[in-house]
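Source file: query-v1.pdb (PDB, C-alpha atoms)
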ATOM      1  CA  MET M   1      -3.965   0.017  19.510  1.00  0.00           C
ATOM      2  CA  PHE M   2      -0.975  -1.050  17.422  1.00  0.00           C
ATOM      3  CA  ASP M   3      -2.524  -4.481  16.802  1.00  0.00           C
ATOM      4  CA  GLN M   4      -5.760  -2.830  15.662  1.00  0.00           C
ATOM      5  CA  ASP M   5      -3.850  -0.602  13.249  1.00  0.00           C
ATOM      6  CA  LEU M   6      -2.030  -3.619  11.816  1.00  0.00           C
ATOM      7  CA  ALA M   7      -5.362  -5.413  11.360  1.00  0.00           C
ATOM      8  CA  ARG M   8      -6.778  -2.372   9.559  1.00  0.00           C
ATOM      9  CA  ILE M   9      -3.712  -2.175   7.304  1.00  0.00           C
ATOM     10  CA  ARG M  10      -4.092  -5.873   6.508  1.00  0.00           C
ATOM     11  CA  THR M  11      -7.777  -5.386   5.689  1.00  0.00           C
ATOM     12  CA  HIS M  12      -7.021  -2.492   3.324  1.00  0.00           C
ATOM     13  CA  ARG M  13      -4.231  -4.511   1.698  1.00  0.00           C
ATOM     14  CA  ASN M  14      -6.572  -7.462   1.169  1.00  0.00           C
ATOM     15  CA  ASN M  15      -9.188  -5.161  -0.372  1.00  0.00           C
ATOM     16  CA  ILE M  16      -6.560  -3.704  -2.712  1.00  0.00           C
ATOM     17  CA  HIS M  17      -5.560  -7.187  -3.866  1.00  0.00           C
ATOM     18  CA  ARG M  18      -9.199  -8.135  -4.396  1.00  0.00           C
ATOM     19  CA  TYR M  19      -9.895  -5.000  -6.462  1.00  0.00           C
ATOM     20  CA  ARG M  20      -6.792  -5.592  -8.580  1.00  0.00           C
ATOM     21  CA  ARG M  21      -7.934  -9.153  -9.275  1.00  0.00           C
ATOM     22  CA  LEU M  22     -11.392  -7.889 -10.220  1.00  0.00           C
ATOM     23  CA  LEU M  23      -9.898  -5.389 -12.666  1.00  0.00           C
ATOM     24  CA  LYS M  24      -8.358  -8.322 -14.563  1.00  0.00           C
ATOM     25  CA  THR M  25     -11.842  -9.727 -15.284  1.00  0.00           C
ATOM     26  CA  ARG M  26     -14.472  -8.678 -17.798  1.00  0.00           C
ATOM     27  CA  LEU M  27     -16.391  -5.728 -16.396  1.00  0.00           C
ATOM     28  CA  SER M  28     -18.798  -3.168 -17.707  1.00  0.00           C
ATOM     29  CA  ASP M  29     -17.542   0.417 -17.879  1.00  0.00           C
ATOM     30  CA  LEU M  30     -19.637   1.309 -14.840  1.00  0.00           C
ATOM     31  CA  GLU M  31     -18.260  -1.601 -12.803  1.00  0.00           C
ATOM     32  CA  ARG M  32     -14.688  -0.812 -13.838  1.00  0.00           C
ATOM     33  CA  ARG M  33     -15.020   2.858 -12.840  1.00  0.00           C
ATOM     34  CA  PHE M  34     -16.525   1.865  -9.486  1.00  0.00           C
ATOM     35  CA  ILE M  35     -13.733  -0.606  -8.730  1.00  0.00           C
ATOM     36  CA  GLU M  36     -11.038   1.837  -9.844  1.00  0.00           C
ATOM     37  CA  ARG M  37     -12.519   4.470  -7.526  1.00  0.00           C
ATOM     38  CA  ARG M  38     -12.673   1.999  -4.622  1.00  0.00           C
ATOM     39  CA  LEU M  39      -9.098   0.901  -5.327  1.00  0.00           C
ATOM     40  CA  SER M  40      -7.936   4.502  -5.227  1.00  0.00           C
ATOM     41  CA  GLU M  41      -9.795   5.088  -1.949  1.00  0.00           C
ATOM     42  CA  GLU M  42      -8.311   1.954  -0.381  1.00  0.00           C
ATOM     43  CA  GLN M  43      -4.784   2.914  -1.465  1.00  0.00           C
ATOM     44  CA  ALA M  44      -5.176   6.395   0.006  1.00  0.00           C
ATOM     45  CA  ALA M  45      -6.572   4.960   3.236  1.00  0.00           C
ATOM     46  CA  VAL M  46      -3.757   2.444   3.664  1.00  0.00           C
ATOM     47  CA  GLU M  47      -1.097   5.067   2.886  1.00  0.00           C
ATOM     48  CA  ALA M  48      -2.568   7.413   5.494  1.00  0.00           C
ATOM     49  CA  LEU M  49      -2.838   4.642   8.067  1.00  0.00           C
ATOM     50  CA  VAL M  50       0.715   3.428   7.440  1.00  0.00           C
ATOM     51  CA  SER M  51       2.158   6.933   7.751  1.00  0.00           C
ATOM     52  CA  GLU M  52       0.169   7.416  10.960  1.00  0.00           C
ATOM     53  CA  THR M  53       1.159   4.039  12.413  1.00  0.00           C
ATOM     54  CA  PHE M  54       4.807   4.176  11.311  1.00  0.00           C
ATOM     55  CA  PRO M  55       5.659   7.909  11.313  1.00  0.00           C
ATOM     56  CA  VAL M  56       9.410   7.431  10.851  1.00  0.00           C
ATOM     57  CA  ALA M  57      10.696   6.465   7.428  1.00  0.00           C
ATOM     58  CA  PHE M  58      14.138   5.069   6.929  1.00  0.00           C
ATOM     59  CA  THR M  59      15.893   5.481   3.610  1.00  0.00           C
ATOM     60  CA  LEU M  60      19.059   3.828   2.453  1.00  0.00           C
ATOM     61  CA  PRO M  61      21.902   6.097   1.379  1.00  0.00           C
ATOM     62  CA  LYS M  62      22.403   6.384  -2.362  1.00  0.00           C
ATOM     63  CA  GLY M  63      25.725   5.554  -3.958  1.00  0.00           C
ATOM     64  CA  PRO M  64      28.693   3.572  -2.680  1.00  0.00           C
ATOM     65  CA  PRO M  65      29.480   3.718   1.018  1.00  0.00           C
ATOM     66  CA  ALA M  66      32.124   6.243   2.032  1.00  0.00           C
ATOM     67  CA  THR M  67      35.493   4.851   3.030  1.00  0.00           C
ATOM     68  CA  SER M  68      37.406   6.130   6.032  1.00  0.00           C
ATOM     69  CA  SER M  69      40.935   7.463   5.694  1.00  0.00           C
ATOM     70  CA  ALA M  70      42.270   4.399   7.545  1.00  0.00           C
ATOM     71  CA  GLU M  71      40.723   2.086   4.937  1.00  0.00           C
ATOM     72  CA  ALA M  72      42.005   4.171   2.029  1.00  0.00           C
ATOM     73  CA  SER M  73      45.657   4.055   3.195  1.00  0.00           C
ATOM     74  CA  PRO M  74      47.759   1.011   2.178  1.00  0.00           C
TER      75      PRO M  74
END

Written form, structure tokens:
Amino acid sequence: MFDQDLARIRTHRNNIHRYRRLLKTRLSDLERRFIERRLSEEQAAVEALVSETFPVAFTLPKGPPATSSAEASP
């Protein structure tokens, strides 16, 4: 199942890249709106799939690391 989820994430990511490349070309207003809508749908789908596949998020602490009292003493 995990391999299938990774393949789906990769497919969504590839679609997102393709839509972004298309948006850099000359498009009619109708085409541009369609691609922007599809891009938004793909981004939402990949975000949902990633949060479902990898439910735990790790964040780095902000600011300098705390020093222990042993390190602070000369």

Next item on the list: Quick one: pull the distance between atom CA of M:Leu23 and atom CA of M:Arg37, Å, one decimal.
Entry: 11.4 Å

Margin query: Applying the PyMOL selection byres ((chain M and resi 46) around 9) to the file I just gave you, which residues come out? Please list them as an NGL selection string.
Written below: :M and (8-10 or 12-13 or 41-45 or 47-51)

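The neighbours of M:Met1 here are the residues that come within 10 Å of it, using all atoms listed in the file and leaving out any residue fewer than 5 positions away in the same chain; they are Leu6, Ala7 and Thr53 of chain M.
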
Model the absent atoms of stretch 10-29 of chain M so that N, CA, C and O atoms are present, and write the result as a CSV table (one decimal), in the coordinates of the input.
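New file part_38.csv:
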chain,number,residue,atom,x,y,z
M,10,ARG,N,-3.9,-4.6,7.2
M,10,ARG,CA,-4.1,-5.9,6.5
M,10,ARG,C,-5.4,-5.9,5.7
M,10,ARG,O,-5.5,-6.4,4.6
M,11,THR,N,-6.5,-5.4,6.3
M,11,THR,CA,-7.8,-5.4,5.7
M,11,THR,C,-7.7,-4.5,4.4
M,11,THR,O,-8.2,-5.0,3.4
M,12,HIS,N,-7.1,-3.4,4.5
M,12,HIS,CA,-7.0,-2.5,3.3
M,12,HIS,C,-6.2,-3.2,2.2
M,12,HIS,O,-6.5,-3.2,1.1
M,13,ARG,N,-5.1,-3.8,2.6
M,13,ARG,CA,-4.2,-4.5,1.7
M,13,ARG,C,-5.0,-5.6,1.0
M,13,ARG,O,-4.9,-5.8,-0.2
M,14,ASN,N,-5.8,-6.4,1.8
M,14,ASN,CA,-6.6,-7.5,1.2
M,14,ASN,C,-7.6,-6.9,0.2
M,14,ASN,O,-7.8,-7.5,-0.9
M,15,ASN,N,-8.2,-5.8,0.5
M,15,ASN,CA,-9.2,-5.2,-0.4
M,15,ASN,C,-8.5,-4.7,-1.7
M,15,ASN,O,-9.1,-4.9,-2.8
M,16,ILE,N,-7.3,-4.2,-1.5
M,16,ILE,CA,-6.6,-3.7,-2.7
M,16,ILE,C,-6.3,-4.9,-3.6
M,16,ILE,O,-6.5,-4.8,-4.8
M,17,HIS,N,-5.8,-6.0,-3.0
M,17,HIS,CA,-5.6,-7.2,-3.9
M,17,HIS,C,-6.8,-7.7,-4.6
M,17,HIS,O,-6.8,-8.1,-5.7
M,18,ARG,N,-7.9,-7.7,-3.8
M,18,ARG,CA,-9.2,-8.1,-4.4
M,18,ARG,C,-9.6,-7.2,-5.6
M,18,ARG,O,-10.0,-7.7,-6.6
M,19,TYR,N,-9.5,-5.9,-5.4
M,19,TYR,CA,-9.9,-5.0,-6.5
M,19,TYR,C,-9.0,-5.2,-7.7
M,19,TYR,O,-9.4,-5.1,-8.8
M,20,ARG,N,-7.7,-5.4,-7.4
M,20,ARG,CA,-6.8,-5.6,-8.6
M,20,ARG,C,-7.1,-6.9,-9.3
M,20,ARG,O,-7.1,-6.9,-10.6
M,21,ARG,N,-7.5,-7.9,-8.6
M,21,ARG,CA,-7.9,-9.2,-9.3
M,21,ARG,C,-9.2,-8.9,-10.1
M,21,ARG,O,-9.3,-9.4,-11.2
M,22,LEU,N,-10.1,-8.2,-9.5
M,22,LEU,CA,-11.4,-7.9,-10.2
M,22,LEU,C,-11.1,-7.1,-11.5
M,22,LEU,O,-11.8,-7.3,-12.5
M,23,LEU,N,-10.2,-6.2,-11.5
M,23,LEU,CA,-9.9,-5.4,-12.7
M,23,LEU,C,-9.3,-6.2,-13.8
M,23,LEU,O,-9.4,-5.8,-15.0
M,24,LYS,N,-8.9,-7.4,-13.5
M,24,LYS,CA,-8.4,-8.3,-14.6
M,24,LYS,C,-9.5,-9.1,-15.2
M,24,LYS,O,-9.2,-9.9,-16.2
M,25,THR,N,-10.7,-9.0,-14.7
M,25,THR,CA,-11.8,-9.7,-15.3
M,25,THR,C,-12.6,-8.8,-16.3
M,25,THR,O,-12.4,-7.6,-16.4
M,26,ARG,N,-13.6,-9.4,-16.9
M,26,ARG,CA,-14.5,-8.7,-17.8
M,26,ARG,C,-15.5,-7.9,-17.0
M,26,ARG,O,-16.2,-8.5,-16.2
M,27,LEU,N,-15.5,-6.6,-17.2
M,27,LEU,CA,-16.4,-5.7,-16.4
M,27,LEU,C,-17.0,-4.7,-17.3
M,27,LEU,O,-16.4,-4.4,-18.4
M,28,SER,N,-18.2,-4.3,-17.0
M,28,SER,CA,-18.8,-3.2,-17.7
M,28,SER,C,-18.0,-1.9,-17.4
M,28,SER,O,-17.3,-1.8,-16.4
M,29,ASP,N,-18.2,-0.9,-18.1
M,29,ASP,CA,-17.5,0.4,-17.9
M,29,ASP,C,-17.9,1.0,-16.5
M,29,ASP,O,-17.1,1.5,-15.8
